[in-house]
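Asks: What follows is the file model.cif, containing mmCIF, C-alpha atoms:
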```
data_start
loop_
_atom_site.label_atom_id
_atom_site.label_comp_id
_atom_site.auth_asym_id
_atom_site.auth_seq_id
_atom_site.Cartn_x
_atom_site.Cartn_y
_atom_site.Cartn_z
CA MET J 1 -4.37 -5.14 -0.13
CA ARG J 2 -5.15 -6.14 -3.72
CA GLY J 3 -7.80 -4.60 -5.97
CA VAL J 4 -10.43 -6.09 -8.28
CA LEU J 5 -12.05 -3.92 -10.94
CA LEU J 6 -15.24 -5.33 -12.48
CA ALA J 7 -15.66 -4.03 -16.03
CA GLY J 8 -17.89 -6.60 -17.71
CA GLY J 9 -21.57 -6.49 -18.61
CA THR J 10 -23.35 -5.51 -21.79
CA GLY J 11 -23.93 -1.82 -21.03
CA SER J 12 -27.46 -2.15 -22.40
CA ARG J 13 -28.60 1.10 -20.74
CA LEU J 14 -26.08 2.98 -22.88
CA LEU J 15 -27.05 1.59 -26.28
CA PRO J 16 -26.25 2.44 -29.05
CA LEU J 17 -22.97 3.80 -27.59
CA THR J 18 -22.07 0.32 -26.35
CA LYS J 19 -22.93 -1.52 -29.55
CA VAL J 20 -19.27 -1.57 -30.65
CA THR J 21 -17.40 -1.01 -27.39
CA ASN J 22 -17.43 -1.78 -23.68
CA LYS J 23 -19.14 0.96 -21.64
CA HIS J 24 -16.09 1.32 -19.39
CA LEU J 25 -14.11 2.58 -22.39
CA LEU J 26 -16.55 5.43 -23.04
CA PRO J 27 -15.30 8.95 -22.21
CA VAL J 28 -16.10 10.70 -18.96
CA TYR J 29 -14.92 14.28 -19.42
CA LYS J 30 -11.25 13.94 -20.50
CA LYS J 31 -10.60 10.27 -19.72
CA PRO J 32 -11.94 6.80 -20.48
CA MET J 33 -14.41 5.80 -17.79
CA ILE J 34 -12.20 2.99 -16.47
CA TYR J 35 -9.44 5.46 -15.53
CA TYR J 36 -11.50 6.74 -12.61
CA PRO J 37 -11.93 3.48 -10.67
CA LEU J 38 -8.33 2.60 -11.47
CA GLU J 39 -7.16 5.91 -10.02
CA THR J 40 -9.35 5.31 -6.95
CA LEU J 41 -7.55 2.03 -6.27
CA LEU J 42 -4.09 3.44 -7.00
CA SER J 43 -4.57 6.53 -4.82
CA ALA J 44 -5.51 4.19 -1.96
CA GLY J 45 -2.11 2.53 -2.31
CA ILE J 46 -3.37 -0.56 -4.13
CA LYS J 47 -0.91 -1.56 -6.85
CA GLU J 48 -1.88 -5.15 -7.69
CA ILE J 49 -5.12 -4.94 -9.66
CA LEU J 50 -7.19 -7.56 -11.49
CA ILE J 51 -9.46 -6.30 -14.28
CA VAL J 52 -12.41 -8.57 -15.13
CA THR J 53 -14.15 -7.94 -18.45
CA GLY J 54 -15.79 -9.68 -21.39
CA GLY J 55 -13.59 -11.53 -23.86
CA GLU J 56 -14.68 -9.52 -26.89
CA HIS J 57 -13.13 -6.33 -25.49
CA ILE J 58 -10.16 -7.54 -23.47
CA GLY J 59 -7.76 -6.59 -26.25
CA ASP J 60 -9.04 -3.02 -26.15
CA PHE J 61 -8.47 -2.85 -22.40
CA PHE J 62 -4.93 -4.18 -22.74
CA ARG J 63 -4.07 -1.72 -25.52
CA LEU J 64 -5.33 1.11 -23.33
CA LEU J 65 -3.92 0.05 -19.96
CA GLY J 66 -1.12 -2.40 -20.68
CA SER J 67 0.61 -4.27 -17.89
CA GLY J 68 0.25 -1.40 -15.43
CA LYS J 69 3.94 -0.48 -15.60
CA GLU J 70 3.18 3.06 -16.79
CA TRP J 71 0.87 3.43 -13.79
CA GLY J 72 3.47 2.20 -11.31
CA ALA J 73 1.35 -0.90 -10.76
CA HIS J 74 0.73 -4.44 -12.00
CA PHE J 75 -2.47 -5.24 -13.89
CA SER J 76 -3.84 -8.75 -14.46
CA TYR J 77 -6.83 -9.63 -16.64
CA GLU J 78 -9.59 -12.23 -16.46
CA ILE J 79 -12.29 -12.94 -19.03
CA GLN J 80 -15.89 -13.21 -17.86
CA GLU J 81 -17.85 -15.43 -20.21
CA GLY J 82 -21.56 -14.68 -20.55
CA ASN J 83 -23.59 -12.38 -18.34
CA GLY J 84 -23.46 -14.15 -14.99
CA GLY J 85 -23.55 -10.94 -12.96
CA THR J 86 -21.24 -9.35 -10.43
CA GLY J 87 -21.08 -12.46 -8.24
CA ALA J 88 -19.85 -14.62 -11.10
CA ALA J 89 -17.36 -11.93 -12.12
CA LEU J 90 -15.89 -11.65 -8.63
CA LEU J 91 -15.55 -15.41 -8.31
CA LEU J 92 -12.94 -15.20 -11.10
CA ALA J 93 -10.71 -13.30 -8.67
CA GLU J 94 -10.32 -16.18 -6.22
CA SER J 95 -6.80 -17.22 -7.23
CA PHE J 96 -5.74 -13.59 -7.59
CA ALA J 97 -6.88 -12.61 -4.08
CA ARG J 98 -5.49 -15.78 -2.50
CA ASP J 99 -5.20 -15.26 1.25
CA LYS J 100 -5.35 -11.45 1.41
CA GLU J 101 -8.16 -8.98 1.97
CA PHE J 102 -9.06 -7.06 -1.17
CA MET J 103 -11.06 -4.14 -2.48
CA VAL J 104 -13.63 -4.41 -5.28
CA ILE J 105 -14.79 -1.48 -7.38
CA LEU J 106 -17.30 -1.41 -10.21
CA GLY J 107 -15.86 -0.04 -13.43
CA ASP J 108 -18.43 2.74 -13.77
CA ASN J 109 -17.68 4.25 -10.35
CA VAL J 110 -16.54 7.89 -10.27
CA VAL J 111 -15.24 8.77 -6.81
CA SER J 112 -13.84 12.22 -6.06
CA GLU J 113 -11.94 11.46 -2.85
CA ASN J 114 -9.08 9.32 -1.63
CA VAL J 115 -10.45 6.15 -0.03
CA GLY J 116 -7.14 5.09 1.49
CA CYS J 117 -8.33 5.91 5.02
CA PHE J 118 -11.23 3.48 4.61
CA VAL J 119 -8.82 0.74 3.53
CA GLU J 120 -6.85 1.27 6.73
CA ASP J 121 -10.08 1.18 8.73
CA PHE J 122 -11.01 -2.21 7.30
CA LYS J 123 -7.60 -3.64 8.13
CA LYS J 124 -8.28 -2.71 11.76
CA GLU J 125 -11.88 -3.99 11.67
CA LYS J 126 -11.33 -7.35 9.95
CA GLU J 127 -11.24 -9.31 13.19
CA LYS J 128 -14.83 -8.22 13.80
CA PHE J 129 -16.27 -7.68 10.31
CA LYS J 130 -16.10 -9.86 7.20
CA ALA J 131 -16.75 -7.04 4.73
CA LYS J 132 -17.03 -3.28 4.43
CA ILE J 133 -18.93 -1.11 1.96
CA LEU J 134 -18.67 2.55 1.11
CA ILE J 135 -21.99 4.35 0.95
CA ALA J 136 -23.07 7.77 -0.31
CA LYS J 137 -26.03 10.09 0.21
CA VAL J 138 -27.90 10.75 -3.05
CA PRO J 139 -31.05 12.66 -4.07
CA ASP J 140 -32.51 9.68 -5.96
CA PRO J 141 -31.90 6.58 -3.80
CA GLU J 142 -34.73 4.64 -5.48
CA HIS J 143 -32.39 4.01 -8.41
CA TYR J 144 -29.79 2.21 -6.28
CA GLY J 145 -29.33 -0.36 -3.54
CA VAL J 146 -30.57 1.53 -0.47
CA VAL J 147 -28.83 0.78 2.82
CA SER J 148 -30.06 1.01 6.39
CA PHE J 149 -27.57 1.10 9.23
CA LYS J 150 -27.34 1.17 13.00
CA GLY J 151 -24.20 2.11 14.83
CA ASN J 152 -21.25 0.92 12.76
CA LYS J 153 -23.14 -1.90 11.03
CA ILE J 154 -25.24 -2.15 7.89
CA THR J 155 -28.57 -3.78 8.77
CA SER J 156 -30.12 -4.12 5.30
CA ILE J 157 -29.64 -3.47 1.58
CA VAL J 158 -32.75 -3.20 -0.59
CA GLU J 159 -32.36 -2.95 -4.36
CA LYS J 160 -34.21 -0.05 -6.00
CA PRO J 161 -37.11 0.22 -3.51
CA LYS J 162 -40.15 2.26 -4.47
CA LYS J 163 -40.14 3.85 -1.02
CA PRO J 164 -36.51 4.10 0.19
CA LYS J 165 -35.97 3.98 3.95
CA SER J 166 -32.91 6.22 3.69
CA SER J 167 -31.02 8.44 1.22
CA TYR J 168 -27.84 6.37 1.55
CA VAL J 169 -26.90 3.90 -1.17
CA ASN J 170 -24.44 1.13 -1.90
CA THR J 171 -21.81 2.68 -4.18
CA GLY J 172 -20.30 -0.50 -5.60
CA LEU J 173 -17.05 -0.12 -3.67
CA TRP J 174 -16.50 -2.99 -1.26
CA MET J 175 -13.79 -4.66 0.81
CA PHE J 176 -13.76 -8.38 1.57
CA LEU J 177 -11.81 -11.11 3.30
CA PRO J 178 -10.96 -14.16 1.13
CA GLU J 179 -13.70 -16.21 2.82
CA VAL J 180 -16.23 -14.37 0.62
CA PHE J 181 -15.48 -16.83 -2.19
CA ASN J 182 -17.09 -19.63 -0.15
CA HIS J 183 -20.33 -17.63 -0.14
CA LEU J 184 -20.06 -16.68 -3.82
CA LYS J 185 -19.92 -20.37 -4.75
CA GLN J 186 -23.25 -20.95 -3.00
CA LEU J 187 -25.14 -18.08 -4.62
CA LYS J 188 -28.39 -18.71 -6.46
CA LYS J 189 -29.49 -16.62 -9.42
CA SER J 190 -31.48 -13.49 -8.67
CA PRO J 191 -34.87 -12.81 -10.32
CA ARG J 192 -33.03 -11.15 -13.21
CA GLY J 193 -31.03 -14.31 -13.82
CA GLU J 194 -27.68 -13.20 -12.40
CA TYR J 195 -25.45 -14.01 -9.44
CA GLU J 196 -25.38 -10.87 -7.29
CA ILE J 197 -22.68 -9.65 -4.90
CA THR J 198 -25.49 -7.82 -3.11
CA ASP J 199 -26.84 -11.18 -1.91
CA VAL J 200 -23.55 -11.88 -0.11
CA LEU J 201 -23.54 -8.37 1.35
CA SER J 202 -27.09 -8.89 2.59
CA LEU J 203 -26.02 -12.17 4.23
CA TYR J 204 -23.18 -10.42 6.05
CA ALA J 205 -25.57 -7.61 7.07
CA SER J 206 -28.03 -10.11 8.56
CA GLN J 207 -25.17 -11.60 10.61
CA GLY J 208 -23.91 -8.21 11.81
CA LEU J 209 -20.66 -8.69 9.91
CA LEU J 210 -20.90 -5.79 7.43
CA SER J 211 -19.42 -2.41 8.33
CA TYR J 212 -19.54 0.81 6.32
CA SER J 213 -18.03 4.23 5.82
CA ILE J 214 -19.68 7.25 4.23
CA LEU J 215 -18.05 9.00 1.29
CA LYS J 216 -17.64 12.66 2.18
CA SER J 217 -17.30 14.00 -1.36
CA ALA J 218 -19.41 13.70 -4.50
CA TRP J 219 -19.89 10.26 -6.02
CA THR J 220 -21.76 8.88 -9.01
CA ASP J 221 -21.87 5.84 -11.20
CA ALA J 222 -21.84 6.29 -14.98
CA GLY J 223 -23.97 3.40 -16.16
CA SER J 224 -26.87 5.35 -17.68
CA PHE J 225 -27.05 8.40 -19.95
CA GLU J 226 -28.10 10.57 -17.02
CA SER J 227 -25.33 9.39 -14.71
CA LEU J 228 -22.74 9.46 -17.52
CA TYR J 229 -23.55 13.13 -18.03
CA LYS J 230 -23.51 13.71 -14.25
CA ALA J 231 -20.07 12.09 -14.00
CA THR J 232 -18.72 14.32 -16.78
CA VAL J 233 -20.05 17.47 -15.09
CA LEU J 234 -18.64 16.33 -11.74
CA MET J 235 -15.14 15.79 -13.14
CA HIS J 236 -15.27 19.14 -14.96
CA GLN J 237 -16.22 20.88 -11.74
CA MET J 238 -13.42 19.08 -9.87
CA GLU J 239 -10.88 20.30 -12.42
CA LEU J 240 -12.14 23.87 -12.23
CA LYS J 241 -11.92 23.77 -8.43
CA SER J 242 -8.36 22.38 -8.49
CA ASN J 243 -7.24 25.12 -10.93
CA ARG J 244 -8.46 27.99 -8.75
#
```
So, in terms of structure tokens, how does the structure I just supplied come out?
Replies:
Amino acid sequence: MRGVLLAGGTGSRLLPLTKVTNKHLLPVYKKPMIYYPLETLLSAGIKEILIVTGGEHIGDFFRLLGSGKEWGAHFSYEIQEGNGGTGAALLLAESFARDKEFMVILGDNVVSENVGCFVEDFKKEKEKFKAKILIAKVPDPEHYGVVSFKGNKITSIVEKPKKPKSSYVNTGLWMFLPEVFNHLKQLKKSPRGEYEITDVLSLYASQGLLSYSILKSAWTDAGSFESLYKATVLMHQMELKSNR
């Protein structure tokens, strides 16, 4: 399985920190933010990784990460022009993914557990399901894409509802078959003017083709000041626990 790490966007919620740098290069505890999703992919056994980011910062990413040799992996890079959203960013991975299933992770994801078992699950499920998402239980689901599920299927994903139907949210860690690119090419812009991966996930959910697994350990994104702080505290606590 290959991996795609989406690290574009303007990081407007983190201004003025992101005025001169990409948000995924900001520190979370002792590491640049992008190290955490990279380590999530690598610990799951994924060694071929495509990093998608904006052209103005791609040199910074390459200076930091290089070719992947030091990580025991191989990194490729793609430039996302403009702010077309996650759907437009993922479409840039079509030639990279080719005919294999792949995992996508958002660059501000901080996951504290090995997701390799979920990768193996999807490989077994792919005859029945077209995609899989990892979900997490959070105290403030209204700030995320809230998921509803029945049995082993996701039935709906609602972005930032005022009255969430559950406490489980879409974490921004997904697995797809290559056929997803056919759907990405047919996306229409969302009300905020972007092409959204969530629209494809919702399509799969409506067709009963979207499975899920629940993260057992703590998870957070790091895309706002509050969640950036939360991610730093989480990683500090994880280090303290590992040193005991």
Asks: One decimal, Å: what's the distance from CA of Val200 in chain J over to CA of Arg2 in chain J, could you say?
Replies: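 So the two atoms, CA of Val200 in chain J and CA of Arg2 in chain J, lie 19.6 Å apart.
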Asks: Which residues match the PyMOL selection byres ((chain J and resi 198) around 12) in the file above, as a CSV table (one decimal) with C-alpha atoms, in the frame of the given file?
Replies:
```csv
chain,number,residue,atom,x,y,z
J,85,GLY,CA,-23.6,-10.9,-13.0
J,86,THR,CA,-21.2,-9.4,-10.4
J,87,GLY,CA,-21.1,-12.5,-8.2
J,88,ALA,CA,-19.8,-14.6,-11.1
J,90,LEU,CA,-15.9,-11.6,-8.6
J,131,ALA,CA,-16.8,-7.0,4.7
J,133,ILE,CA,-18.9,-1.1,2.0
J,144,TYR,CA,-29.8,2.2,-6.3
J,145,GLY,CA,-29.3,-0.4,-3.5
J,146,VAL,CA,-30.6,1.5,-0.5
J,147,VAL,CA,-28.8,0.8,2.8
J,156,SER,CA,-30.1,-4.1,5.3
J,157,ILE,CA,-29.6,-3.5,1.6
J,158,VAL,CA,-32.8,-3.2,-0.6
J,159,GLU,CA,-32.4,-3.0,-4.4
J,169,VAL,CA,-26.9,3.9,-1.2
J,170,ASN,CA,-24.4,1.1,-1.9
J,171,THR,CA,-21.8,2.7,-4.2
J,172,GLY,CA,-20.3,-0.5,-5.6
J,173,LEU,CA,-17.0,-0.1,-3.7
J,174,TRP,CA,-16.5,-3.0,-1.3
J,180,VAL,CA,-16.2,-14.4,0.6
J,183,HIS,CA,-20.3,-17.6,-0.1
J,184,LEU,CA,-20.1,-16.7,-3.8
J,187,LEU,CA,-25.1,-18.1,-4.6
J,188,LYS,CA,-28.4,-18.7,-6.5
J,189,LYS,CA,-29.5,-16.6,-9.4
J,190,SER,CA,-31.5,-13.5,-8.7
J,194,GLU,CA,-27.7,-13.2,-12.4
J,195,TYR,CA,-25.4,-14.0,-9.4
J,196,GLU,CA,-25.4,-10.9,-7.3
J,197,ILE,CA,-22.7,-9.6,-4.9
J,199,ASP,CA,-26.8,-11.2,-1.9
J,200,VAL,CA,-23.6,-11.9,-0.1
J,201,LEU,CA,-23.5,-8.4,1.4
J,202,SER,CA,-27.1,-8.9,2.6
J,203,LEU,CA,-26.0,-12.2,4.2
J,204,TYR,CA,-23.2,-10.4,6.0
J,205,ALA,CA,-25.6,-7.6,7.1
J,210,LEU,CA,-20.9,-5.8,7.4
```
Asks: One decimal, Å: what's the distance from CA of Lys30 in chain J over to CA of His143 in chain J, could you say?
Replies: 26.3 Å
Asks: What is the CA of Val52 in chain J to CA of Val233 in chain J distance in Å?
Replies: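 We find that CA of Val52 in chain J and CA of Val233 in chain J lie 27.1 Å from each other.
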Asks: Find the residues near range 53-62 of chain J: any atom within 12 Å, counting all atoms listed in the file, skip ones fewer than 3 places away on the same chain, and give them as a VMD selection string.
Replies: chain J and resid 4 to 11 18 to 26 32 to 35 50 65 to 69 75 to 86 88 to 90 92 to 93 106 to 107
Asks: Leaving out Phe122 in chain J and any residue of its chain fewer than 4 positions from it, which residues lie within 10 Å of it when counting all atoms listed in the file, given as a ChimeraX atom specification?
Replies: /J:101-103,117-118,126-133,175-177,211-213
Asks: Taking into account only C-alpha atoms, which residue in the set J:Leu14, J:Val110, J:Ala44, J:Ser166 is nearest to Met238 in chain J?
Replies: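 Closest candidate: J:Val110.
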Asks: Excluding Thr155 in chain J and any residue of its chain fewer than 2 positions from it, enumerate the residues within 7 Å of it, using only C-alpha atoms, and give them as a list of chain:residue names.
Replies: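 Close residues of Thr155 in chain J: J:Ser148, J:Phe149, J:Lys150, J:Lys153, J:Ala205, J:Ser206.
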Asks: For this structure, which residues satisfy the selection - the PyMOL selection byres ((chain J and resi 163) around 10) - when it is evaluated on the file as given? I want them as a ChimeraX atom specification.
Replies: /J:141-142,146,160-162,164-166
Asks: For the point (-27.1, 9.7, -14.8) in file coordinates, what residues are within 12 Å, counting only C-alpha atoms? Give the answer as a list of chain:residue names?
Replies: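 Collected hits near the coordinates: J:Arg13, J:Leu14, J:Val28, J:Asp108, J:Asn109, J:Val110, J:Val138, J:Pro139, J:Asp140, J:His143, J:Tyr144, J:Trp219, J:Thr220, J:Asp221, J:Ala222, J:Gly223, J:Ser224, J:Phe225, J:Glu226, J:Ser227, J:Leu228, J:Tyr229, J:Lys230, J:Ala231, J:Thr232, J:Val233, J:Leu234.
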Asks: Some atoms are missing, so please complete range 186-220 of chain J with N, CA and C atoms and return it as an mmCIF file, in the frame of the given file.
Replies:
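As a result, selection-v3.cif now contains:
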```
data_model
loop_
_atom_site.group_PDB
_atom_site.id
_atom_site.type_symbol
_atom_site.label_atom_id
_atom_site.label_comp_id
_atom_site.auth_asym_id
_atom_site.auth_seq_id
_atom_site.Cartn_x
_atom_site.Cartn_y
_atom_site.Cartn_z
ATOM 1 N N GLN J 186 -21.939 -20.431 -3.396
ATOM 2 C CA GLN J 186 -23.250 -20.950 -3.000
ATOM 3 C C GLN J 186 -24.409 -20.059 -3.450
ATOM 4 N N LEU J 187 -24.096 -19.003 -4.184
ATOM 5 C CA LEU J 187 -25.140 -18.080 -4.620
ATOM 6 C C LEU J 187 -26.127 -18.752 -5.576
ATOM 7 N N LYS J 188 -27.359 -18.314 -5.492
ATOM 8 C CA LYS J 188 -28.390 -18.710 -6.460
ATOM 9 C C LYS J 188 -28.710 -17.487 -7.316
ATOM 10 N N LYS J 189 -29.199 -17.726 -8.512
ATOM 11 C CA LYS J 189 -29.490 -16.620 -9.420
ATOM 12 C C LYS J 189 -30.609 -15.744 -8.871
ATOM 13 N N SER J 190 -30.458 -14.452 -9.081
ATOM 14 C CA SER J 190 -31.480 -13.490 -8.670
ATOM 15 C C SER J 190 -32.642 -13.533 -9.672
ATOM 16 N N PRO J 191 -33.738 -12.828 -9.388
ATOM 17 C CA PRO J 191 -34.870 -12.810 -10.320
ATOM 18 C C PRO J 191 -34.500 -12.347 -11.726
ATOM 19 N N ARG J 192 -33.424 -11.564 -11.860
ATOM 20 C CA ARG J 192 -33.030 -11.150 -13.210
ATOM 21 C C ARG J 192 -32.014 -12.086 -13.846
ATOM 22 N N GLY J 193 -31.837 -13.253 -13.216
ATOM 23 C CA GLY J 193 -31.030 -14.310 -13.820
ATOM 24 C C GLY J 193 -29.530 -14.153 -13.658
ATOM 25 N N GLU J 194 -29.097 -13.420 -12.618
ATOM 26 C CA GLU J 194 -27.680 -13.200 -12.400
ATOM 27 C C GLU J 194 -27.288 -13.564 -10.968
ATOM 28 N N TYR J 195 -25.989 -13.798 -10.782
ATOM 29 C CA TYR J 195 -25.450 -14.010 -9.440
ATOM 30 C C TYR J 195 -24.996 -12.648 -8.909
ATOM 31 N N GLU J 196 -25.542 -12.232 -7.771
ATOM 32 C CA GLU J 196 -25.380 -10.870 -7.290
ATOM 33 C C GLU J 196 -24.488 -10.787 -6.044
ATOM 34 N N ILE J 197 -23.492 -9.913 -6.091
ATOM 35 C CA ILE J 197 -22.680 -9.650 -4.900
ATOM 36 C C ILE J 197 -23.555 -9.117 -3.772
ATOM 37 N N THR J 198 -24.596 -8.379 -4.126
ATOM 38 C CA THR J 198 -25.490 -7.820 -3.110
ATOM 39 C C THR J 198 -26.080 -8.897 -2.212
ATOM 40 N N ASP J 199 -26.294 -10.096 -2.739
ATOM 41 C CA ASP J 199 -26.840 -11.180 -1.910
ATOM 42 C C ASP J 199 -25.858 -11.580 -0.813
ATOM 43 N N VAL J 200 -24.565 -11.572 -1.126
ATOM 44 C CA VAL J 200 -23.550 -11.880 -0.110
ATOM 45 C C VAL J 200 -23.487 -10.746 0.912
ATOM 46 N N LEU J 201 -23.549 -9.505 0.440
ATOM 47 C CA LEU J 201 -23.540 -8.370 1.350
ATOM 48 C C LEU J 201 -24.740 -8.412 2.303
ATOM 49 N N SER J 202 -25.890 -8.787 1.756
ATOM 50 C CA SER J 202 -27.090 -8.890 2.590
ATOM 51 C C SER J 202 -26.943 -9.986 3.642
ATOM 52 N N LEU J 203 -26.291 -11.084 3.270
ATOM 53 C CA LEU J 203 -26.020 -12.170 4.230
ATOM 54 C C LEU J 203 -25.143 -11.658 5.361
ATOM 55 N N TYR J 204 -24.057 -10.977 5.016
ATOM 56 C CA TYR J 204 -23.180 -10.420 6.050
ATOM 57 C C TYR J 204 -23.936 -9.414 6.930
ATOM 58 N N ALA J 205 -24.797 -8.599 6.300
ATOM 59 C CA ALA J 205 -25.570 -7.610 7.070
ATOM 60 C C ALA J 205 -26.470 -8.299 8.081
ATOM 61 N N SER J 206 -27.118 -9.387 7.663
ATOM 62 C CA SER J 206 -28.030 -10.110 8.560
ATOM 63 C C SER J 206 -27.285 -10.744 9.727
ATOM 64 N N GLN J 207 -25.986 -10.997 9.549
ATOM 65 C CA GLN J 207 -25.170 -11.600 10.610
ATOM 66 C C GLN J 207 -24.410 -10.560 11.428
ATOM 67 N N GLY J 208 -24.609 -9.276 11.091
ATOM 68 C CA GLY J 208 -23.910 -8.210 11.810
ATOM 69 C C GLY J 208 -22.433 -8.139 11.491
ATOM 70 N N LEU J 209 -22.071 -8.590 10.286
ATOM 71 C CA LEU J 209 -20.660 -8.690 9.910
ATOM 72 C C LEU J 209 -20.264 -7.714 8.808
ATOM 73 N N LEU J 210 -21.152 -6.740 8.515
ATOM 74 C CA LEU J 210 -20.900 -5.790 7.430
ATOM 75 C C LEU J 210 -20.796 -4.373 7.985
ATOM 76 N N SER J 211 -19.612 -3.786 7.881
ATOM 77 C CA SER J 211 -19.420 -2.410 8.330
ATOM 78 C C SER J 211 -19.514 -1.462 7.131
ATOM 79 N N TYR J 212 -19.421 -0.166 7.399
ATOM 80 C CA TYR J 212 -19.540 0.810 6.320
ATOM 81 C C TYR J 212 -18.776 2.077 6.672
ATOM 82 N N SER J 213 -18.498 2.858 5.656
ATOM 83 C CA SER J 213 -18.030 4.230 5.820
ATOM 84 C C SER J 213 -18.760 5.076 4.783
ATOM 85 N N ILE J 214 -18.934 6.344 5.099
ATOM 86 C CA ILE J 214 -19.680 7.250 4.230
ATOM 87 C C ILE J 214 -18.704 8.120 3.431
ATOM 88 N N LEU J 215 -18.859 8.113 2.115
ATOM 89 C CA LEU J 215 -18.050 9.000 1.290
ATOM 90 C C LEU J 215 -18.416 10.446 1.604
ATOM 91 N N LYS J 216 -17.412 11.267 1.785
ATOM 92 C CA LYS J 216 -17.640 12.660 2.180
ATOM 93 C C LYS J 216 -17.826 13.562 0.959
ATOM 94 N N SER J 217 -17.248 13.176 -0.159
ATOM 95 C CA SER J 217 -17.300 14.000 -1.360
ATOM 96 C C SER J 217 -18.278 13.414 -2.371
ATOM 97 N N ALA J 218 -18.450 14.122 -3.479
ATOM 98 C CA ALA J 218 -19.410 13.700 -4.500
ATOM 99 C C ALA J 218 -19.033 12.359 -5.110
ATOM 100 N N TRP J 219 -20.054 11.568 -5.393
ATOM 101 C CA TRP J 219 -19.890 10.260 -6.020
ATOM 102 C C TRP J 219 -21.008 10.056 -7.034
ATOM 103 N N THR J 220 -20.714 9.322 -8.089
ATOM 104 C CA THR J 220 -21.760 8.880 -9.010
ATOM 105 C C THR J 220 -21.289 7.631 -9.742
#
```
